[in-house]
$ cat coords_21.cif   # mmCIF, C-alpha atoms
data_upload
loop_
_atom_site.label_atom_id
_atom_site.label_comp_id
_atom_site.auth_asym_id
_atom_site.auth_seq_id
_atom_site.Cartn_x
_atom_site.Cartn_y
_atom_site.Cartn_z
CA ASN A 29 -7.79 23.90 16.85
CA GLY A 30 -11.24 22.35 17.20
CA VAL A 31 -10.31 19.58 14.74
CA GLN A 32 -7.30 18.50 16.76
CA ASP A 33 -9.22 18.77 20.03
CA ARG A 34 -12.15 16.70 18.81
CA GLY A 35 -9.97 14.08 17.15
CA GLY A 36 -7.87 13.64 20.29
CA VAL A 37 -10.92 13.34 22.54
CA LEU A 38 -12.53 10.72 20.31
CA PHE A 39 -9.32 8.70 20.08
CA PHE A 40 -8.75 8.60 23.82
CA LEU A 41 -12.41 7.80 24.39
CA ALA A 42 -11.89 4.72 22.21
CA ALA A 43 -8.47 3.89 23.70
CA ASN A 44 -9.75 4.12 27.26
CA GLY A 45 -12.81 2.01 26.43
CA LEU A 46 -10.67 -0.83 25.11
CA MET A 47 -7.72 -0.75 27.50
CA GLN A 48 -9.73 -0.34 30.68
CA ASN A 49 -11.91 -3.35 29.97
CA VAL A 50 -9.10 -5.61 28.78
CA MET A 51 -6.99 -4.92 31.87
CA GLY A 52 -9.99 -5.13 34.19
CA VAL A 53 -10.94 -8.62 33.06
CA LEU A 54 -7.34 -9.87 33.25
CA THR A 55 -6.96 -8.91 36.89
CA THR A 56 -10.36 -10.26 38.02
CA PHE A 57 -10.50 -13.49 36.02
CA ALA A 58 -7.00 -14.52 37.14
CA ASN A 59 -8.28 -14.85 40.72
CA GLU A 60 -11.19 -17.04 39.58
CA ARG A 61 -9.33 -19.31 37.18
CA ALA A 62 -8.03 -21.82 39.75
CA ALA A 63 -11.41 -22.07 41.48
CA VAL A 64 -13.24 -22.58 38.17
CA LEU A 65 -10.89 -25.36 37.07
CA ARG A 66 -11.19 -27.07 40.44
CA GLU A 67 -14.99 -26.92 40.42
CA GLN A 68 -15.11 -28.25 36.86
CA GLU A 69 -12.90 -31.18 37.85
CA ASN A 70 -15.40 -31.93 40.62
CA GLY A 71 -18.20 -32.02 38.04
CA MET A 72 -20.08 -28.99 39.40
CA TYR A 73 -20.61 -27.39 35.96
CA HIS A 74 -19.23 -27.28 32.44
CA THR A 75 -17.51 -24.38 30.67
CA LEU A 76 -20.52 -23.11 28.71
CA PRO A 77 -22.82 -22.52 31.73
CA TYR A 78 -19.98 -20.77 33.57
CA PHE A 79 -19.20 -18.59 30.55
CA CYS A 80 -22.86 -17.63 30.05
CA ALA A 81 -23.29 -16.86 33.76
CA ARG A 82 -20.17 -14.72 33.85
CA ILE A 83 -21.19 -12.74 30.78
CA ALA A 84 -24.69 -12.22 32.23
CA VAL A 85 -23.21 -10.92 35.49
CA ASP A 86 -20.67 -8.68 33.74
CA LEU A 87 -23.10 -7.29 31.16
CA PRO A 88 -24.90 -4.66 33.31
CA LEU A 89 -21.61 -3.26 34.61
CA LYS A 90 -19.99 -3.30 31.16
CA ILE A 91 -22.93 -1.28 29.84
CA PHE A 92 -23.46 1.08 32.78
CA CYS A 93 -19.86 2.25 33.32
CA PRO A 94 -19.05 3.07 29.64
CA ALA A 95 -22.44 4.78 29.35
CA ILE A 96 -21.60 7.02 32.32
CA LEU A 97 -18.17 7.78 30.86
CA ALA A 98 -19.58 8.65 27.43
CA SER A 99 -22.43 10.72 28.89
CA VAL A 100 -20.11 12.85 31.00
CA ALA A 101 -17.37 13.19 28.38
CA TYR A 102 -19.70 13.95 25.45
CA TRP A 103 -21.37 16.97 26.99
CA THR A 104 -18.38 18.16 29.01
CA VAL A 105 -16.00 18.56 26.07
CA GLY A 106 -18.69 20.12 23.87
CA LEU A 107 -19.27 17.62 21.08
CA GLN A 108 -22.20 18.24 18.74
CA PRO A 109 -25.34 18.77 20.85
CA ASP A 110 -27.60 16.37 19.00
CA ALA A 111 -29.58 13.54 20.61
CA MET A 112 -29.04 11.07 17.76
CA ARG A 113 -25.29 11.74 17.66
CA PHE A 114 -25.09 11.31 21.42
CA PHE A 115 -26.96 8.00 21.15
CA ASN A 116 -24.57 6.77 18.43
CA CYS A 117 -21.59 7.72 20.60
CA LEU A 118 -23.13 5.91 23.56
CA VAL A 119 -23.78 2.72 21.58
CA THR A 120 -20.28 2.75 20.07
CA VAL A 121 -18.53 3.15 23.43
CA VAL A 122 -20.63 0.39 25.03
CA LEU A 123 -19.96 -2.04 22.17
CA LEU A 124 -16.25 -1.25 22.37
CA ALA A 125 -16.30 -2.03 26.09
CA LEU A 126 -17.91 -5.41 25.36
CA SER A 127 -15.24 -6.10 22.74
CA GLY A 128 -12.53 -5.22 25.25
CA ASN A 129 -14.15 -7.56 27.77
CA ALA A 130 -14.08 -10.40 25.23
CA ILE A 131 -10.41 -9.78 24.37
CA GLY A 132 -9.55 -9.73 28.06
CA LEU A 133 -11.31 -13.05 28.65
CA PHE A 134 -9.48 -14.57 25.69
CA LEU A 135 -6.07 -13.49 27.00
CA ALA A 136 -6.94 -14.59 30.54
CA CYS A 137 -7.92 -18.05 29.27
CA LEU A 138 -4.86 -18.27 27.04
CA PHE A 139 -2.30 -17.80 29.84
CA SER A 140 -2.54 -19.38 33.26
CA ASP A 141 -0.19 -16.85 34.86
CA VAL A 142 -1.72 -13.40 35.34
CA ALA A 143 1.73 -11.79 35.12
CA VAL A 144 2.17 -13.20 31.63
CA SER A 145 -1.33 -12.04 30.63
CA LEU A 146 -0.62 -8.51 31.85
CA MET A 147 2.65 -8.52 29.92
CA VAL A 148 1.09 -9.76 26.68
CA ALA A 149 -1.98 -7.48 26.82
CA PRO A 150 -0.09 -4.24 25.91
CA MET A 151 1.56 -6.09 23.02
CA VAL A 152 -1.95 -6.79 21.68
CA ILE A 153 -3.49 -3.40 22.49
CA LEU A 154 -0.71 -1.15 21.13
CA PRO A 155 -0.93 -2.45 17.53
CA PHE A 156 -4.69 -1.97 17.74
CA MET A 157 -4.07 1.64 18.80
CA MET A 158 -1.48 2.27 16.09
CA PHE A 159 -3.83 1.01 13.37
CA SER A 160 -6.96 2.71 14.71
CA GLY A 161 -6.75 5.42 12.03
CA PHE A 162 -5.67 8.26 14.34
CA PHE A 163 -1.89 7.79 14.52
CA LEU A 164 -1.28 6.03 11.23
CA ASN A 165 -3.13 6.85 8.03
CA PRO A 166 -4.42 3.72 6.27
CA GLU A 167 -2.57 4.72 3.09
CA SER A 168 0.73 4.88 5.02
CA ALA A 169 0.46 1.42 6.54
CA PRO A 170 2.69 -1.31 5.05
CA THR A 171 0.70 -3.65 2.86
CA TRP A 172 1.75 -6.74 4.81
CA LEU A 173 0.40 -5.20 8.03
CA MET A 174 -2.93 -3.95 6.69
CA TRP A 175 -4.77 -6.93 8.19
CA ILE A 176 -4.15 -5.61 11.73
CA GLU A 177 -6.47 -2.63 11.30
CA PHE A 178 -9.40 -4.89 10.47
CA LEU A 179 -8.86 -6.86 13.69
CA SER A 180 -8.72 -3.70 15.79
CA PRO A 181 -11.94 -2.84 17.67
CA MET A 182 -10.52 0.67 18.08
CA LYS A 183 -10.42 1.07 14.30
CA TYR A 184 -14.17 0.60 14.04
CA ALA A 185 -14.92 2.60 17.19
CA PHE A 186 -12.78 5.59 16.18
CA SER A 187 -14.15 5.54 12.62
CA ALA A 188 -17.71 5.56 13.93
CA LEU A 189 -17.04 8.27 16.52
CA ALA A 190 -15.20 10.46 13.99
CA GLN A 191 -17.97 10.22 11.40
CA ASN A 192 -20.59 10.79 14.07
CA GLU A 193 -18.90 14.00 15.21
CA PHE A 194 -17.45 15.50 12.01
CA THR A 195 -20.24 14.82 9.52
CA ASN A 196 -22.07 18.10 8.74
CA LEU A 197 -19.79 20.01 11.12
CA THR A 198 -18.91 23.57 10.12
CA LEU A 199 -15.54 24.84 11.32
CA HIS A 200 -14.18 28.38 11.58
CA CYS A 201 -10.60 29.64 11.71
CA THR A 202 -9.28 32.51 13.77
CA PRO A 203 -6.91 34.86 11.89
CA SER A 204 -3.90 33.09 13.40
CA GLN A 205 -5.12 29.71 12.14
CA THR A 206 -5.41 30.67 8.47
CA ARG A 207 -2.70 29.68 5.99
CA LEU A 208 -0.97 31.84 3.43
CA VAL A 209 -1.45 30.31 -0.04
CA GLY A 210 -0.22 33.09 -2.27
CA VAL A 211 -0.49 36.73 -3.28
CA SER A 212 -3.33 38.32 -5.23
CA GLN A 213 -2.89 40.47 -8.33
CA LEU A 214 -3.15 43.52 -6.09
CA GLY A 215 -0.22 42.31 -4.03
CA THR A 216 -2.23 41.44 -0.96
CA PRO A 217 -1.66 38.08 0.74
CA VAL A 218 -4.32 35.42 0.19
CA ARG A 219 -5.11 33.38 3.28
CA ILE A 220 -7.55 30.48 3.61
CA CYS A 221 -8.94 28.33 6.36
CA PRO A 222 -7.38 24.87 5.73
CA ILE A 223 -10.30 22.86 7.12
CA GLU A 224 -13.74 24.47 6.93
CA THR A 225 -15.91 21.35 7.20
CA GLY A 226 -15.82 18.12 9.16
CA GLU A 227 -15.93 16.17 5.90
CA ALA A 228 -12.53 17.64 4.95
CA TYR A 229 -11.04 16.18 8.12
CA LEU A 230 -12.66 12.81 7.45
CA ASP A 231 -11.05 12.87 3.99
CA ASN A 232 -7.68 13.37 5.66
CA LEU A 233 -8.33 10.35 7.89
CA ASN A 234 -9.04 8.22 4.79
CA VAL A 235 -11.87 6.33 6.47
CA GLN A 236 -12.82 3.53 4.08
CA PRO A 237 -16.25 4.02 2.45
CA PHE A 238 -17.62 0.73 3.79
CA LEU A 239 -16.89 1.79 7.39
CA THR A 240 -20.19 3.54 7.92
CA ILE A 241 -21.43 4.05 11.48
CA PRO A 242 -23.87 1.07 11.37
CA ASN A 243 -21.19 -1.18 9.84
CA CYS A 244 -18.64 -0.16 12.47
CA GLN A 245 -21.11 -0.82 15.26
CA TRP A 246 -22.05 -4.15 13.74
#
$ encode --input "coords_21.cif" --output "structure tokens"
Amino acid sequence: NGVQDRGGVLFFLAANGLMQNVMGVLTTFANERAAVLREQENGMYHTLPYFCARIAVDLPLKIFCPAILASVAYWTVGLQPDAMRFFNCLVTVVLLALSGNAIGLFLACLFSDVAVSLMVAPMVILPFMMFSGFFLNPESAPTWLMWIEFLSPMKYAFSALAQNEFTNLTLHCTPSQTRLVGVSQLGTPVRICPIETGEAYLDNLNVQPFLTIPNCQW
């Protein structure tokens, strides 16, 4: 049960980090777009200074809020109580939030109508979720759609969070969680625990070898 619980928590931590920031930027930037274009036409500033100023203003909030979320969630749900693992989780969630902010800005700049942006955003986010490695195993994905997983920030975030949590994790089964695999020579049933280590679960996820935690964060 702990495998399913941990995997679900890590996935929704990544999904929330991406979706919340994409949608947040779409709704706020839409109100600024007309004013920015008008001020640029009047020669008050160019695009680059505005972009740098906006990122600088957003940066503290985009770091602080995900850090609070990760700090509360990590210790509340009982993930591995290790300072380095907690720090890796914190960094991954913050970087994912910044990626979501960038995707939101891109969509907001792409469409002048906020209603269209809000309609297109789920069409972009849902494929990222499907190819994050939690719902769809990489080996099951159609070859002609494999490129989507490498564009998905959730793919890298979930891979990093899963490795951070399940590496060197020892799992235990209750009697009801064991599986019957056969009968011994004495006629007694032979039952095993299907997943005894976190590495066994990572093998089931088929996380590519090059997706180490530093590479995913990078």
$ closest_atom_pairs --input "coords_21.cif" --of "region 163-236 of chain A" --to "region 107-110 of chain A" --cutoff "9 Å" --atoms "only C-alpha atoms" --output "CSV"
residue,atom,partner,partner_atom,distance
A:Asn192,CA,A:Gln108,CA,8.9
A:Glu193,CA,A:Gln108,CA,6.4
A:Phe194,CA,A:Gln108,CA,8.7
A:Leu197,CA,A:Gln108,CA,8.2
$ atom_distance --input "coords_21.cif" --atom1 "CA of Val31 (chain A)" --atom2 "CA of Ser160 (chain A)"
17.2 Å
$ resolve_selection --input "coords_21.cif" --expression "the PyMOL selection byres ((chain A and resi 60) around 12)" --output "ChimeraX atom specification"
/A:53-59,61-67,78,82,133,136-137,140-142
$ residues_around --input "coords_21.cif" --residues "Glu177 (chain A)" --least-positions-apart "5" --cutoff "12 Å" --atoms "all atoms listed in the file" --output "list of chain:residue names"
A:Ile153, A:Leu154, A:Pro155, A:Phe156, A:Met157, A:Met158, A:Phe159, A:Ser160, A:Gly161, A:Phe162, A:Phe163, A:Leu164, A:Asn165, A:Pro166, A:Glu167, A:Ala169, A:Pro170, A:Thr171, A:Trp172, A:Met182, A:Lys183, A:Tyr184, A:Ala185, A:Phe186, A:Ser187, A:Val235, A:Gln236, A:Leu239
$ resolve_selection --input "coords_21.cif" --expression "the PyMOL selection byres ((chain A and resi 44) around 12)" --output "ChimeraX atom specification"
/A:36-43,45-52,93-94,97-98,101,121-122,124-125,128,153,157,182,185-186
$ closest_residue --input "coords_21.cif" --among "A:Gln191, A:Ser212, A:Gln245, A:Ser127" --to "Gly226 (chain A)" --atoms "all atoms listed in the file"
A:Gln191
$ resolve_selection --input "coords_21.cif" --expression "the PyMOL selection byres ((chain A and resi 222) around 10)" --output "short mmCIF file (atom, residue, chain, number, x, y, z; two decimals) with C-alpha atoms, keeping the file's coordinate frame"
data_model
loop_
_atom_site.label_atom_id
_atom_site.label_comp_id
_atom_site.auth_asym_id
_atom_site.auth_seq_id
_atom_site.Cartn_x
_atom_site.Cartn_y
_atom_site.Cartn_z
CA LEU A 199 -15.54 24.84 11.32
CA HIS A 200 -14.18 28.38 11.58
CA CYS A 201 -10.60 29.64 11.71
CA GLN A 205 -5.12 29.71 12.14
CA THR A 206 -5.41 30.67 8.47
CA ARG A 207 -2.70 29.68 5.99
CA LEU A 208 -0.97 31.84 3.43
CA VAL A 209 -1.45 30.31 -0.04
CA ARG A 219 -5.11 33.38 3.28
CA ILE A 220 -7.55 30.48 3.61
CA CYS A 221 -8.94 28.33 6.36
CA ILE A 223 -10.30 22.86 7.12
CA GLU A 224 -13.74 24.47 6.93
CA THR A 225 -15.91 21.35 7.20
CA ALA A 228 -12.53 17.64 4.95
CA TYR A 229 -11.04 16.18 8.12
#
$ atom_distance --input "coords_21.cif" --atom1 "CA of Leu146 (chain A)" --atom2 "CA of Leu87 (chain A)"
22.5 Å
$ closest_residue --input "coords_21.cif" --among "A:Cys117, A:Cys80, A:Val105, A:Ala188" --to "Pro242 (chain A)" --atoms "all atoms listed in the file"
A:Ala188
$ closest_residue --input "coords_21.cif" --among "A:Ser204, A:Val152, A:Thr104, A:Ala190" --to "Leu233 (chain A)" --atoms "all atoms listed in the file"
A:Ala190
$ closest_residue --input "coords_21.cif" --among "A:Ala143, A:Leu189, A:Met174, A:Val218" --to "Gly35 (chain A)" --atoms "all atoms listed in the file"
A:Leu189
$ atom_distance --input "coords_21.cif" --atom1 "CA of Ile131 (chain A)" --atom2 "CA of Val148 (chain A)"
11.7 Å
$ build_atoms --input "coords_21.cif" --residues "region 136-155 of chain A" --atoms "N, CA, C and O atoms" --output "PDB file, keeping the file's coordinate frame"
ATOM      1  N   ALA A 136      -6.969 -13.972  29.215  1.00  0.00           N
ATOM      2  CA  ALA A 136      -6.940 -14.590  30.540  1.00  0.00           C
ATOM      3  C   ALA A 136      -7.055 -16.114  30.441  1.00  0.00           C
ATOM      4  O   ALA A 136      -6.477 -16.836  31.250  1.00  0.00           O
ATOM      5  N   CYS A 137      -7.801 -16.607  29.466  1.00  0.00           N
ATOM      6  CA  CYS A 137      -7.920 -18.050  29.270  1.00  0.00           C
ATOM      7  C   CYS A 137      -6.671 -18.624  28.598  1.00  0.00           C
ATOM      8  O   CYS A 137      -6.330 -19.793  28.792  1.00  0.00           O
ATOM      9  N   LEU A 138      -6.006 -17.793  27.814  1.00  0.00           N
ATOM     10  CA  LEU A 138      -4.860 -18.270  27.040  1.00  0.00           C
ATOM     11  C   LEU A 138      -3.639 -18.513  27.928  1.00  0.00           C
ATOM     12  O   LEU A 138      -2.852 -19.436  27.676  1.00  0.00           O
ATOM     13  N   PHE A 139      -3.482 -17.694  28.977  1.00  0.00           N
ATOM     14  CA  PHE A 139      -2.300 -17.800  29.840  1.00  0.00           C
ATOM     15  C   PHE A 139      -2.756 -18.043  31.278  1.00  0.00           C
ATOM     16  O   PHE A 139      -3.600 -17.317  31.807  1.00  0.00           O
ATOM     17  N   SER A 140      -2.170 -19.045  31.891  1.00  0.00           N
ATOM     18  CA  SER A 140      -2.540 -19.380  33.260  1.00  0.00           C
ATOM     19  C   SER A 140      -1.961 -18.416  34.283  1.00  0.00           C
ATOM     20  O   SER A 140      -2.507 -18.258  35.367  1.00  0.00           O
ATOM     21  N   ASP A 141      -0.852 -17.778  33.943  1.00  0.00           N
ATOM     22  CA  ASP A 141      -0.190 -16.850  34.860  1.00  0.00           C
ATOM     23  C   ASP A 141      -0.659 -15.430  34.559  1.00  0.00           C
ATOM     24  O   ASP A 141      -0.525 -14.946  33.427  1.00  0.00           O
ATOM     25  N   VAL A 142      -1.206 -14.747  35.557  1.00  0.00           N
ATOM     26  CA  VAL A 142      -1.720 -13.400  35.340  1.00  0.00           C
ATOM     27  C   VAL A 142      -0.610 -12.434  34.972  1.00  0.00           C
ATOM     28  O   VAL A 142      -0.829 -11.467  34.224  1.00  0.00           O
ATOM     29  N   ALA A 143       0.602 -12.666  35.463  1.00  0.00           N
ATOM     30  CA  ALA A 143       1.730 -11.790  35.120  1.00  0.00           C
ATOM     31  C   ALA A 143       2.036 -11.856  33.629  1.00  0.00           C
ATOM     32  O   ALA A 143       2.329 -10.837  32.998  1.00  0.00           O
ATOM     33  N   VAL A 144       1.941 -13.059  33.072  1.00  0.00           N
ATOM     34  CA  VAL A 144       2.170 -13.200  31.630  1.00  0.00           C
ATOM     35  C   VAL A 144       1.049 -12.525  30.840  1.00  0.00           C
ATOM     36  O   VAL A 144       1.288 -11.855  29.829  1.00  0.00           O
ATOM     37  N   SER A 145      -0.186 -12.676  31.305  1.00  0.00           N
ATOM     38  CA  SER A 145      -1.330 -12.040  30.630  1.00  0.00           C
ATOM     39  C   SER A 145      -1.182 -10.525  30.618  1.00  0.00           C
ATOM     40  O   SER A 145      -1.424  -9.872  29.593  1.00  0.00           O
ATOM     41  N   LEU A 146      -0.787  -9.963  31.752  1.00  0.00           N
ATOM     42  CA  LEU A 146      -0.620  -8.510  31.850  1.00  0.00           C
ATOM     43  C   LEU A 146       0.540  -8.026  31.001  1.00  0.00           C
ATOM     44  O   LEU A 146       0.560  -6.871  30.571  1.00  0.00           O
ATOM     45  N   MET A 147       1.521  -8.891  30.756  1.00  0.00           N
ATOM     46  CA  MET A 147       2.650  -8.520  29.920  1.00  0.00           C
ATOM     47  C   MET A 147       2.290  -8.598  28.432  1.00  0.00           C
ATOM     48  O   MET A 147       2.733  -7.769  27.630  1.00  0.00           O
ATOM     49  N   VAL A 148       1.464  -9.574  28.077  1.00  0.00           N
ATOM     50  CA  VAL A 148       1.090  -9.760  26.680  1.00  0.00           C
ATOM     51  C   VAL A 148       0.023  -8.752  26.249  1.00  0.00           C
ATOM     52  O   VAL A 148       0.006  -8.323  25.088  1.00  0.00           O
ATOM     53  N   ALA A 149      -0.850  -8.358  27.168  1.00  0.00           N
ATOM     54  CA  ALA A 149      -1.980  -7.480  26.820  1.00  0.00           C
ATOM     55  C   ALA A 149      -1.537  -6.191  26.122  1.00  0.00           C
ATOM     56  O   ALA A 149      -2.111  -5.832  25.086  1.00  0.00           O
ATOM     57  N   PRO A 150      -0.525  -5.444  26.639  1.00  0.00           N
ATOM     58  CA  PRO A 150      -0.090  -4.240  25.910  1.00  0.00           C
ATOM     59  C   PRO A 150       0.444  -4.539  24.521  1.00  0.00           C
ATOM     60  O   PRO A 150       0.310  -3.706  23.609  1.00  0.00           O
ATOM     61  N   MET A 151       1.047  -5.722  24.341  1.00  0.00           N
ATOM     62  CA  MET A 151       1.560  -6.090  23.020  1.00  0.00           C
ATOM     63  C   MET A 151       0.426  -6.320  22.033  1.00  0.00           C
ATOM     64  O   MET A 151       0.625  -6.241  20.819  1.00  0.00           O
ATOM     65  N   VAL A 152      -0.768  -6.620  22.535  1.00  0.00           N
ATOM     66  CA  VAL A 152      -1.950  -6.790  21.680  1.00  0.00           C
ATOM     67  C   VAL A 152      -2.646  -5.446  21.478  1.00  0.00           C
ATOM     68  O   VAL A 152      -3.076  -5.112  20.366  1.00  0.00           O
ATOM     69  N   ILE A 153      -2.737  -4.654  22.551  1.00  0.00           N
ATOM     70  CA  ILE A 153      -3.490  -3.400  22.490  1.00  0.00           C
ATOM     71  C   ILE A 153      -2.773  -2.343  21.667  1.00  0.00           C
ATOM     72  O   ILE A 153      -3.402  -1.610  20.882  1.00  0.00           O
ATOM     73  N   LEU A 154      -1.446  -2.219  21.817  1.00  0.00           N
ATOM     74  CA  LEU A 154      -0.710  -1.150  21.130  1.00  0.00           C
ATOM     75  C   LEU A 154      -0.813  -1.230  19.608  1.00  0.00           C
ATOM     76  O   LEU A 154      -1.008  -0.196  18.965  1.00  0.00           O
ATOM     77  N   PRO A 155      -0.689  -2.407  18.979  1.00  0.00           N
ATOM     78  CA  PRO A 155      -0.930  -2.450  17.530  1.00  0.00           C
ATOM     79  C   PRO A 155      -2.344  -2.030  17.152  1.00  0.00           C
ATOM     80  O   PRO A 155      -2.561  -1.386  16.121  1.00  0.00           O
TER      81      PRO A 155
END
